[in-house]
Each structure stands twice: as structure tokens, then as C-alpha cells.
Amino acid sequence: MKQSRPLTITGGKLVAPGGILGGNLRIADGRISACGDTQPQEGDEIVDARGKLVSPGLVDLGVFAVDKPAFHFGGITRAALMPDQSPALDLPSRVSYIAKSGKPDLWVHPLAAATRGLEGGEIAEIALMREAGALGVATGRGWIADSGVMLRLLQYAAMLDMPVIAHAEDAALVGSAVATAGEYATRRGLPSAPAEAEAIAIARDLALAEMAGARIHFRQVTTRAGLELVRRAKAGGQRVTAGITPAHFMLSDLATVDFRTFARLSPPLRSEDDRQTVREAIADGTIDVVSSGHDPRGPEDKRQPFADAEPGMAGAETLLAMALSLVVDEVVGMARVFELVSTNPASILGVPAGALEVGLEGDVALVDPDKPWVVQSARMAATAGNTPFDGQPTQGRVLRLWKGGVEIQL
């Protein structure tokens, strides 16, 4: 899918790395050729943004399913796919197939399985999977309990200069838990695990990553103790980044009181204190990425008793709106939101996108940050509507979307 003629978007508010700027954006040959003080040239297609936001397309780091309609609705132009597939992404042939699966209107970046079958034992052929298109290595939904295996993985990844995307929960402490230990879990008789399981996992993995000189990204850090460990590691110069999904800065474990399985997530929802701490960590830069964790689950997985339901939420369509709520709540500014959902995840993956900068891919969204809408699970574009935000009024919609300068039909 190649751009047939240059495109100039005029009259918009450009979400640039330095802040919100007035001016125009020009895309030619699939890449951004000018940003700011530029004018349309003869033969350009011209789009009048009418004062709306012109932003980079979203880069979603760590989805569990390729769901094009949902991604397009949410303004996502690139998605890093977790290796938890059937079968797992632990062979170069599988990685190669996935890397081509979204083109031309969506780029899917596979994350290689850290171990064979994601079983936490034998390290997979990471170098061969990198050659096949993997941009990172991931432990999947689970934690590698064997410290020796984890150290060798981190050393191998460091040699290849690939980031390791880690799940941070000590498996022995979590077991079959479906909730965070506390008042709500106790009153409802739900199997629970202490929130400290996250910090224990992070502490070990940070120590091993420092020994290996590896880059490590914790896909979700959801507790006060875990965030403090990441904050200290960053202050000490360690190459660590942290992510979160909107559910963990919008909701607490109070959302589980009526056993709604749409709120059955992994890691589970935390206390209100942890939720507020997450918001503080977004504001101070401890958290680098907000991702959707897109994991659509059908009725067979969700219409179960809470303890038997599968974890996960359909998050692609609500990612931008929930991230923009941070601006409404005065947690961060508009430019910072797009660092979280576009620039930083693109940087971690090493892809030439995620910002309105000359030379980068022309992945661009036209956004109305004030457009109101109501999240309705029954009307979602995703393959399943398992969202904990069902019925919630929100605001912020993508009006138009371009991939490499070519418009995508929403």
C-alpha cells in the first residue's frame, strides 16, 4: 500500500514532541516530509483539520490478538503481539507469518516467546526469530520462576540488543489467585494473592537485568511497591521501562464487588491507594507506556463464576479515550499522553514511528479530543466486547486515520 500523492493536513493542532503546535503536516512517499511551518505543494491532497488534533498513530505495546477493526477505531497503526498464541510464537516460521499478517493497513510486530511453549524452561531460538521479524522477547502472561533461565534469557537478549517484556508476578505466590488480597477479596471468598507478589518479581528481574546489562520492560506495574522499585532503578541509571493499562489507573478492586467478570484481569485490579499511586507514576515519568492489553474474550470465557472466568479485556477501542481522561483530570498534558501511547512504545520497539517528526513513517490520526461517546460492549468493533468500561460516558475519538500517508477507512 503506497501513497499515490503527497498529503498535507492543514489547520490542525500538531501533537509534536515539544508540545502542541500550530501549523501543517506534509506526508510524501509514506513518510513525514515537513511539520509545522510548511505549505501544501502543487498536486498535494489537502485535508483541513479544522482545529482538531493531528497526532501520531498509536503504537500498542503488548496485545494478545490481532483485531483490525478495533485497532482502526482506536487509532492504532502498529501493535506488538504477545507470544501467547495457539501455538506460541516460539519458532521463526510463526513469527514471520505474524509479521506479515496485518499489512498493508496495520503493522503487527511479533514479540518472540522467551522459552519454548512459554513453559519457562528451555530458551527459544530468539536470534532466528529476530531475523524473522521479532522486535522483542516476552515472557507472556507468566513469570519465569527459574532465575538461572531468566538470567540466561536476559544475557541472550542483551547480546542481540532486544528488549525483554516481562510479566511481573511471582508465580508461587499467585498460584490460582484471581484477586488482590484485601477486604473485597476476603468478603467475597475469592482466591487472592498479596500485592507484594509483583514487587518480589520486579526486584529479582531488575537484579538479573542489571547483571546482564539488558533492557527490560515490565508490561504492567500496578502497585506502590513495584513502582518504587522501578523509580529507584531508573534513578540508578538502569535501562528499565514500565507500562500500565487504563483499567489499572481508572479502576480499583472495588469494581469486582458484584463479581463482574469483565473486571477479571491479569494482574488483578488493585487497591484504591495503588490506583492513585499509578496515576502519580504516570505524571512523574515512572510509567513510560499506556497500552490496551487488548485481549477479547467471548461468552464461553467470561460467562463463568468469577474465579473460573479467563482474565483479559478488549481495550483497543477505549485506549485513546481513557488515556485522554488523564488530561481532563489534569494528571498530565496532551503531549505527554501521546508520548505514553505512541512515542515511547515506538522507541522501545525501535520502529520509525510514534511521533510527528520529519523522516518518520506517516502514521497519523486526526483526533477530536472533546467528542463525547458512550462505551457499549454490544456495539464494539472488537471480536468480543469484554470491557470493564461498559456503559461509561467518555470523550475523545479518532476521526480519520492514515498509515504511511494512505487513509484507512474507519
# chains A, B, ... in the order shown; residues from 1 in each chain; ligands from 1
>>> residues_around(residues="Phe64 (chain A)", least_positions_apart="3", cutoff="6 Å", atoms="only C-alpha atoms", output="PyMOL selection string")
chain A and resi 81-82+294-295
>>> select_by_dssp(residues="region 160-322 of chain A", states="strand (DSSP E or B)", output="MDAnalysis selection string")
chainID A and resid 164:166 179:180 192:193 216:218 240:244 289:290 294 313
>>> write_last_selection(atoms="N, CA and C atoms", output="PDB file, in the first residue's frame")
ATOM      1  N   VAL A 164      13.397  -7.078  26.656  1.00  0.00           N
ATOM      2  CA  VAL A 164      12.649  -8.187  27.253  1.00  0.00           C
ATOM      3  C   VAL A 164      11.410  -7.610  27.905  1.00  0.00           C
ATOM      4  N   ILE A 165      10.249  -8.077  27.460  1.00  0.00           N
ATOM      5  CA  ILE A 165       8.972  -7.620  28.027  1.00  0.00           C
ATOM      6  C   ILE A 165       8.539  -8.666  29.047  1.00  0.00           C
ATOM      7  N   ALA A 166       8.513  -8.274  30.308  1.00  0.00           N
ATOM      8  CA  ALA A 166       8.320  -9.227  31.402  1.00  0.00           C
ATOM      9  C   ALA A 166       6.978  -9.033  32.093  1.00  0.00           C
ATOM     10  N   ALA A 179      -7.705 -12.449  42.449  1.00  0.00           N
ATOM     11  CA  ALA A 179      -7.929 -11.121  43.020  1.00  0.00           C
ATOM     12  C   ALA A 179      -6.747 -10.758  43.904  1.00  0.00           C
ATOM     13  N   THR A 180      -6.667  -9.471  44.248  1.00  0.00           N
ATOM     14  CA  THR A 180      -5.638  -8.989  45.156  1.00  0.00           C
ATOM     15  C   THR A 180      -6.113  -9.186  46.596  1.00  0.00           C
ATOM     16  N   SER A 192      -7.063 -15.250  46.403  1.00  0.00           N
ATOM     17  CA  SER A 192      -6.332 -13.996  46.262  1.00  0.00           C
ATOM     18  C   SER A 192      -4.854 -14.192  46.532  1.00  0.00           C
ATOM     19  N   ALA A 193      -4.073 -13.222  46.070  1.00  0.00           N
ATOM     20  CA  ALA A 193      -2.629 -13.224  46.280  1.00  0.00           C
ATOM     21  C   ALA A 193      -2.211 -11.850  46.776  1.00  0.00           C
ATOM     22  N   ILE A 216      14.936  -4.049  30.022  1.00  0.00           N
ATOM     23  CA  ILE A 216      13.749  -4.775  30.471  1.00  0.00           C
ATOM     24  C   ILE A 216      12.570  -3.816  30.574  1.00  0.00           C
ATOM     25  N   HIS A 217      11.430  -4.289  30.077  1.00  0.00           N
ATOM     26  CA  HIS A 217      10.192  -3.524  30.142  1.00  0.00           C
ATOM     27  C   HIS A 217       9.162  -4.357  30.887  1.00  0.00           C
ATOM     28  N   PHE A 218       8.676  -3.837  31.997  1.00  0.00           N
ATOM     29  CA  PHE A 218       7.612  -4.510  32.733  1.00  0.00           C
ATOM     30  C   PHE A 218       6.288  -4.057  32.137  1.00  0.00           C
ATOM     31  N   VAL A 240      15.427   0.409  32.284  1.00  0.00           N
ATOM     32  CA  VAL A 240      14.146  -0.209  32.613  1.00  0.00           C
ATOM     33  C   VAL A 240      13.027   0.736  32.231  1.00  0.00           C
ATOM     34  N   THR A 241      11.947   0.181  31.702  1.00  0.00           N
ATOM     35  CA  THR A 241      10.739   0.946  31.410  1.00  0.00           C
ATOM     36  C   THR A 241       9.549   0.189  31.988  1.00  0.00           C
ATOM     37  N   ALA A 242       8.452   0.904  32.171  1.00  0.00           N
ATOM     38  CA  ALA A 242       7.267   0.311  32.799  1.00  0.00           C
ATOM     39  C   ALA A 242       6.019   0.733  32.058  1.00  0.00           C
ATOM     40  N   GLY A 243       5.042  -0.156  32.031  1.00  0.00           N
ATOM     41  CA  GLY A 243       3.776   0.124  31.372  1.00  0.00           C
ATOM     42  C   GLY A 243       2.595  -0.089  32.287  1.00  0.00           C
ATOM     43  N   ILE A 244       1.434   0.256  31.775  1.00  0.00           N
ATOM     44  CA  ILE A 244       0.177   0.108  32.501  1.00  0.00           C
ATOM     45  C   ILE A 244      -0.945   0.073  31.476  1.00  0.00           C
ATOM     46  N   VAL A 289       4.667   3.816  29.377  1.00  0.00           N
ATOM     47  CA  VAL A 289       3.771   3.345  28.317  1.00  0.00           C
ATOM     48  C   VAL A 289       2.381   3.077  28.877  1.00  0.00           C
ATOM     49  N   VAL A 290       1.369   3.514  28.141  1.00  0.00           N
ATOM     50  CA  VAL A 290      -0.009   3.085  28.392  1.00  0.00           C
ATOM     51  C   VAL A 290      -0.429   2.264  27.180  1.00  0.00           C
ATOM     52  N   HIS A 294      -5.075  -5.459  24.821  1.00  0.00           N
ATOM     53  CA  HIS A 294      -6.249  -5.961  24.100  1.00  0.00           C
ATOM     54  C   HIS A 294      -6.301  -7.482  24.100  1.00  0.00           C
ATOM     55  N   MET A 313      -9.307  -8.107  28.780  1.00  0.00           N
ATOM     56  CA  MET A 313     -10.300  -7.115  28.393  1.00  0.00           C
ATOM     57  C   MET A 313     -10.042  -6.688  26.956  1.00  0.00           C
TER      58      MET A 313
END
>>> select_by_dssp(residues="region 136-270 of chain A", states="alpha helix (DSSP H)", output="ChimeraX atom specification")
/A:147-160,171-174,183-188,196-212,224-235,246-250
>>> residues_around(residues="Ala365 (chain A)", least_positions_apart="2", cutoff="10 Å", atoms="only C-alpha atoms", output="MDAnalysis selection string")
chainID A and resid 53:58 72 74:77 362:363 367:368 397:403 407:408
>>> residues_around(residues="Asn24 (chain A)", least_positions_apart="3", cutoff="9 Å", atoms="only C-alpha atoms", output="list in words")
Thr8, Ile9, Thr10, Gly11, Gly12, Lys13, Leu14, Ala34, Cys35, Gly36, Asp37, Thr38, Gln39 and Pro40 of chain A
>>> write_last_selection(atoms="C-alpha atoms", output="PDB file, in the first residue's frame")
ATOM      1  CA  THR A   8      -0.858  17.958   3.511  1.00  0.00           C
ATOM      2  CA  ILE A   9      -3.029  18.283   6.613  1.00  0.00           C
ATOM      3  CA  THR A  10      -3.736  21.950   7.291  1.00  0.00           C
ATOM      4  CA  GLY A  11      -5.305  23.929  10.109  1.00  0.00           C
ATOM      5  CA  GLY A  12      -4.681  21.405  12.856  1.00  0.00           C
ATOM      6  CA  LYS A  13      -3.070  21.350  16.280  1.00  0.00           C
ATOM      7  CA  LEU A  14       0.049  19.220  15.829  1.00  0.00           C
ATOM      8  CA  ALA A  34       7.533  18.606   6.831  1.00  0.00           C
ATOM      9  CA  CYS A  35       5.899  19.541  10.126  1.00  0.00           C
ATOM     10  CA  GLY A  36       4.872  22.990  11.321  1.00  0.00           C
ATOM     11  CA  ASP A  37       5.826  25.895   9.097  1.00  0.00           C
ATOM     12  CA  THR A  38       5.036  24.310   5.742  1.00  0.00           C
ATOM     13  CA  GLN A  39       2.522  24.851   2.964  1.00  0.00           C
ATOM     14  CA  PRO A  40       0.820  22.493   0.509  1.00  0.00           C
TER      15      PRO A  40
END
>>> residues_around(residues="Val341 (chain A)", least_positions_apart="3", cutoff="12 Å", atoms="only C-alpha atoms", output="PDB file with N, CA and C atoms, in the first residue's frame")
ATOM      1  N   SER A  55      -2.223  13.890  15.354  1.00  0.00           N
ATOM      2  CA  SER A  55      -1.343  13.146  16.254  1.00  0.00           C
ATOM      3  C   SER A  55      -0.674  11.981  15.532  1.00  0.00           C
ATOM      4  N   PRO A  56       0.397  11.438  16.107  1.00  0.00           N
ATOM      5  CA  PRO A  56       0.922  10.189  15.560  1.00  0.00           C
ATOM      6  C   PRO A  56      -0.067   9.054  15.801  1.00  0.00           C
ATOM      7  N   GLY A  57      -0.066   8.056  14.917  1.00  0.00           N
ATOM      8  CA  GLY A  57      -0.864   6.864  15.162  1.00  0.00           C
ATOM      9  C   GLY A  57      -0.386   6.167  16.422  1.00  0.00           C
ATOM     10  N   LEU A  58      -1.294   5.498  17.102  1.00  0.00           N
ATOM     11  CA  LEU A  58      -0.945   4.829  18.350  1.00  0.00           C
ATOM     12  C   LEU A  58      -0.127   3.568  18.087  1.00  0.00           C
ATOM     13  N   VAL A  59       0.817   3.299  18.981  1.00  0.00           N
ATOM     14  CA  VAL A  59       1.637   2.092  18.935  1.00  0.00           C
ATOM     15  C   VAL A  59       1.312   1.296  20.197  1.00  0.00           C
ATOM     16  N   ASP A  60       0.611   0.192  20.043  1.00  0.00           N
ATOM     17  CA  ASP A  60       0.083  -0.565  21.181  1.00  0.00           C
ATOM     18  C   ASP A  60       1.044  -1.687  21.539  1.00  0.00           C
ATOM     19  N   LEU A  61       1.687  -1.562  22.673  1.00  0.00           N
ATOM     20  CA  LEU A  61       2.741  -2.488  23.085  1.00  0.00           C
ATOM     21  C   LEU A  61       2.198  -3.596  23.980  1.00  0.00           C
ATOM     22  N   GLY A  62       1.950  -4.764  23.383  1.00  0.00           N
ATOM     23  CA  GLY A  62       1.556  -5.921  24.179  1.00  0.00           C
ATOM     24  C   GLY A  62       0.099  -6.290  24.067  1.00  0.00           C
ATOM     25  N   GLY A  74      -9.629   2.656  17.246  1.00  0.00           N
ATOM     26  CA  GLY A  74      -8.873   3.305  18.308  1.00  0.00           C
ATOM     27  C   GLY A  74      -7.681   4.109  17.843  1.00  0.00           C
ATOM     28  N   GLY A  75      -7.428   4.178  16.532  1.00  0.00           N
ATOM     29  CA  GLY A  75      -6.304   4.959  16.038  1.00  0.00           C
ATOM     30  C   GLY A  75      -4.965   4.258  16.144  1.00  0.00           C
ATOM     31  N   ILE A  76      -4.991   2.942  16.293  1.00  0.00           N
ATOM     32  CA  ILE A  76      -3.764   2.160  16.437  1.00  0.00           C
ATOM     33  C   ILE A  76      -3.267   1.754  15.052  1.00  0.00           C
ATOM     34  N   THR A  77      -2.038   2.136  14.728  1.00  0.00           N
ATOM     35  CA  THR A  77      -1.456   1.795  13.429  1.00  0.00           C
ATOM     36  C   THR A  77      -0.383   0.716  13.536  1.00  0.00           C
ATOM     37  N   ARG A  78       0.103   0.462  14.740  1.00  0.00           N
ATOM     38  CA  ARG A  78       1.083  -0.596  14.983  1.00  0.00           C
ATOM     39  C   ARG A  78       0.760  -1.278  16.305  1.00  0.00           C
ATOM     40  N   ALA A  79       0.901  -2.590  16.319  1.00  0.00           N
ATOM     41  CA  ALA A  79       0.613  -3.340  17.541  1.00  0.00           C
ATOM     42  C   ALA A  79       1.678  -4.412  17.731  1.00  0.00           C
ATOM     43  N   GLY A 243       5.042  -0.156  32.031  1.00  0.00           N
ATOM     44  CA  GLY A 243       3.776   0.124  31.372  1.00  0.00           C
ATOM     45  C   GLY A 243       2.595  -0.089  32.287  1.00  0.00           C
ATOM     46  N   ILE A 244       1.434   0.256  31.775  1.00  0.00           N
ATOM     47  CA  ILE A 244       0.177   0.108  32.501  1.00  0.00           C
ATOM     48  C   ILE A 244      -0.945   0.073  31.476  1.00  0.00           C
ATOM     49  N   THR A 245      -2.099  -0.476  31.860  1.00  0.00           N
ATOM     50  CA  THR A 245      -3.293  -0.383  31.025  1.00  0.00           C
ATOM     51  C   THR A 245      -4.297   0.546  31.717  1.00  0.00           C
ATOM     52  N   PRO A 246      -5.220   1.122  30.941  1.00  0.00           N
ATOM     53  CA  PRO A 246      -6.163   2.067  31.544  1.00  0.00           C
ATOM     54  C   PRO A 246      -6.951   1.495  32.724  1.00  0.00           C
ATOM     55  N   ILE A 282       2.416   7.918  36.460  1.00  0.00           N
ATOM     56  CA  ILE A 282       2.240   8.398  35.084  1.00  0.00           C
ATOM     57  C   ILE A 282       2.676   9.854  34.997  1.00  0.00           C
ATOM     58  N   ILE A 287       6.122   5.634  34.889  1.00  0.00           N
ATOM     59  CA  ILE A 287       5.460   4.818  33.869  1.00  0.00           C
ATOM     60  C   ILE A 287       5.710   5.447  32.510  1.00  0.00           C
ATOM     61  N   ASP A 288       6.152   4.621  31.569  1.00  0.00           N
ATOM     62  CA  ASP A 288       6.537   5.095  30.240  1.00  0.00           C
ATOM     63  C   ASP A 288       5.492   4.835  29.173  1.00  0.00           C
ATOM     64  N   VAL A 289       4.667   3.816  29.377  1.00  0.00           N
ATOM     65  CA  VAL A 289       3.771   3.345  28.317  1.00  0.00           C
ATOM     66  C   VAL A 289       2.381   3.077  28.877  1.00  0.00           C
ATOM     67  N   VAL A 290       1.369   3.514  28.141  1.00  0.00           N
ATOM     68  CA  VAL A 290      -0.009   3.085  28.392  1.00  0.00           C
ATOM     69  C   VAL A 290      -0.429   2.264  27.180  1.00  0.00           C
ATOM     70  N   SER A 291      -0.776   1.019  27.411  1.00  0.00           N
ATOM     71  CA  SER A 291      -1.179   0.119  26.328  1.00  0.00           C
ATOM     72  C   SER A 291      -2.549  -0.456  26.621  1.00  0.00           C
ATOM     73  N   SER A 292      -3.151  -1.063  25.605  1.00  0.00           N
ATOM     74  CA  SER A 292      -4.528  -1.529  25.762  1.00  0.00           C
ATOM     75  C   SER A 292      -4.622  -2.885  26.438  1.00  0.00           C
ATOM     76  N   ALA A 316      -8.576  -2.063  22.870  1.00  0.00           N
ATOM     77  CA  ALA A 316      -8.057  -1.238  21.780  1.00  0.00           C
ATOM     78  C   ALA A 316      -8.929  -0.011  21.504  1.00  0.00           C
ATOM     79  N   LEU A 319      -8.603   2.687  24.403  1.00  0.00           N
ATOM     80  CA  LEU A 319      -7.269   3.111  24.843  1.00  0.00           C
ATOM     81  C   LEU A 319      -7.087   4.623  24.767  1.00  0.00           C
ATOM     82  N   LEU A 320      -7.374   5.217  23.630  1.00  0.00           N
ATOM     83  CA  LEU A 320      -7.131   6.646  23.467  1.00  0.00           C
ATOM     84  C   LEU A 320      -8.038   7.466  24.374  1.00  0.00           C
ATOM     85  N   ALA A 321      -9.322   7.135  24.420  1.00  0.00           N
ATOM     86  CA  ALA A 321     -10.255   7.906  25.242  1.00  0.00           C
ATOM     87  C   ALA A 321      -9.865   7.855  26.718  1.00  0.00           C
ATOM     88  N   MET A 322      -9.478   6.668  27.192  1.00  0.00           N
ATOM     89  CA  MET A 322      -9.102   6.556  28.599  1.00  0.00           C
ATOM     90  C   MET A 322      -7.794   7.278  28.880  1.00  0.00           C
ATOM     91  N   ALA A 323      -6.877   7.245  27.925  1.00  0.00           N
ATOM     92  CA  ALA A 323      -5.633   7.990  28.106  1.00  0.00           C
ATOM     93  C   ALA A 323      -5.900   9.493  28.117  1.00  0.00           C
ATOM     94  N   LEU A 324      -6.815   9.943  27.262  1.00  0.00           N
ATOM     95  CA  LEU A 324      -7.158  11.369  27.234  1.00  0.00           C
ATOM     96  C   LEU A 324      -7.851  11.817  28.516  1.00  0.00           C
ATOM     97  N   MET A 334      -1.500  17.132  27.176  1.00  0.00           N
ATOM     98  CA  MET A 334      -1.843  16.425  25.949  1.00  0.00           C
ATOM     99  C   MET A 334      -0.627  15.786  25.288  1.00  0.00           C
ATOM    100  N   ALA A 335       0.487  16.505  25.212  1.00  0.00           N
ATOM    101  CA  ALA A 335       1.677  15.952  24.571  1.00  0.00           C
ATOM    102  C   ALA A 335       2.163  14.711  25.301  1.00  0.00           C
ATOM    103  N   ARG A 336       2.069  14.713  26.618  1.00  0.00           N
ATOM    104  CA  ARG A 336       2.514  13.567  27.415  1.00  0.00           C
ATOM    105  C   ARG A 336       1.660  12.327  27.124  1.00  0.00           C
ATOM    106  N   VAL A 337       0.364  12.509  26.884  1.00  0.00           N
ATOM    107  CA  VAL A 337      -0.492  11.368  26.556  1.00  0.00           C
ATOM    108  C   VAL A 337       0.042  10.635  25.334  1.00  0.00           C
ATOM    109  N   PHE A 338       0.431  11.382  24.303  1.00  0.00           N
ATOM    110  CA  PHE A 338       0.884  10.731  23.082  1.00  0.00           C
ATOM    111  C   PHE A 338       2.302  10.183  23.203  1.00  0.00           C
ATOM    112  N   ASN A 344       6.835   6.589  23.154  1.00  0.00           N
ATOM    113  CA  ASN A 344       7.634   5.689  23.990  1.00  0.00           C
ATOM    114  C   ASN A 344       7.540   4.230  23.566  1.00  0.00           C
ATOM    115  N   PRO A 345       6.337   3.698  23.279  1.00  0.00           N
ATOM    116  CA  PRO A 345       6.308   2.310  22.810  1.00  0.00           C
ATOM    117  C   PRO A 345       7.050   2.121  21.492  1.00  0.00           C
ATOM    118  N   ALA A 346       6.994   3.108  20.592  1.00  0.00           N
ATOM    119  CA  ALA A 346       7.743   3.004  19.338  1.00  0.00           C
ATOM    120  C   ALA A 346       9.243   2.975  19.609  1.00  0.00           C
ATOM    121  N   SER A 347       9.682   3.771  20.578  1.00  0.00           N
ATOM    122  CA  SER A 347      11.098   3.806  20.929  1.00  0.00           C
ATOM    123  C   SER A 347      11.567   2.473  21.510  1.00  0.00           C
ATOM    124  N   ILE A 348      10.762   1.882  22.369  1.00  0.00           N
ATOM    125  CA  ILE A 348      11.124   0.589  22.963  1.00  0.00           C
ATOM    126  C   ILE A 348      11.259  -0.478  21.883  1.00  0.00           C
ATOM    127  N   ALA A 353       8.464   5.377  13.989  1.00  0.00           N
ATOM    128  CA  ALA A 353       7.091   5.886  14.065  1.00  0.00           C
ATOM    129  C   ALA A 353       6.863   6.442  15.461  1.00  0.00           C
ATOM    130  N   GLY A 354       5.595   6.833  15.720  1.00  0.00           N
ATOM    131  CA  GLY A 354       5.229   7.249  17.069  1.00  0.00           C
ATOM    132  C   GLY A 354       5.379   8.719  17.369  1.00  0.00           C
ATOM    133  N   ALA A 355       5.806   9.527  16.385  1.00  0.00           N
ATOM    134  CA  ALA A 355       5.950  10.964  16.609  1.00  0.00           C
ATOM    135  C   ALA A 355       5.803  11.693  15.282  1.00  0.00           C
TER     136      ALA A 355
END
>>> residues_around(residues="Ser4 (chain A)", least_positions_apart="6", cutoff="12 Å", atoms="only C-alpha atoms", output="MDAnalysis selection string")
chainID A and resid 27:30 43:45 404:407
>>> atom_distance(atom1="CA of Thr277 (chain A)", atom2="CA of Phe249 (chain A)")
8.6 Å
>>> atom_distance(atom1="CA of Pro110 (chain A)", atom2="CA of Thr139 (chain A)")
12.8 Å
>>> residues_around(residues="region 369-378 of chain A", least_positions_apart="6", cutoff="10 Å", atoms="only C-alpha atoms", output="CSV table (one decimal) with C-alpha atoms, in the first residue's frame")
chain,number,residue,atom,x,y,z
A,52,LYS,CA,-8.6,19.2,15.7
A,53,LEU,CA,-5.6,17.4,16.9
A,314,ALA,CA,-11.0,-5.7,24.9
A,317,GLU,CA,-11.1,0.9,21.2
A,318,THR,CA,-11.0,2.6,24.5
A,320,LEU,CA,-7.1,6.6,23.5
A,321,ALA,CA,-10.3,7.9,25.2
A,324,LEU,CA,-7.2,11.4,27.2
A,325,SER,CA,-9.1,11.3,30.5
A,327,VAL,CA,-5.7,15.3,30.5
A,328,VAL,CA,-9.3,16.0,31.7
A,334,MET,CA,-1.8,16.4,25.9
A,384,ALA,CA,-15.6,-9.6,21.7
A,385,GLY,CA,-16.8,-6.7,23.9
A,386,ASN,CA,-15.4,-7.7,27.3
A,387,THR,CA,-14.7,-4.2,28.6
A,388,PRO,CA,-14.8,-3.2,32.2
A,389,PHE,CA,-15.9,0.3,31.0
A,390,ASP,CA,-19.2,-0.9,29.5
A,391,GLY,CA,-21.8,1.9,29.8
A,392,GLN,CA,-19.2,4.6,30.8
A,393,PRO,CA,-19.5,8.0,29.2
A,394,THR,CA,-16.2,9.2,27.8
A,395,GLN,CA,-14.7,11.6,25.2
A,396,GLY,CA,-12.1,11.5,22.5
A,397,ARG,CA,-12.5,9.9,19.1
A,398,VAL,CA,-10.4,9.3,16.0
A,399,LEU,CA,-12.0,11.0,13.0
>>> closest_residue(among="A:Leu190, A:Ala195, A:Ile46, A:Ala70", to="Asp258 (chain A)", atoms="only C-alpha atoms")
A:Leu190
>>> closest_residue(among="A:Pro352, A:Pro305, A:Gly136, A:Gly285", to="Ile32 (chain A)", atoms="only C-alpha atoms")
A:Pro352
>>> atom_distance(atom1="CA of Gly121 (chain A)", atom2="CA of Ala134 (chain A)")
20.1 Å
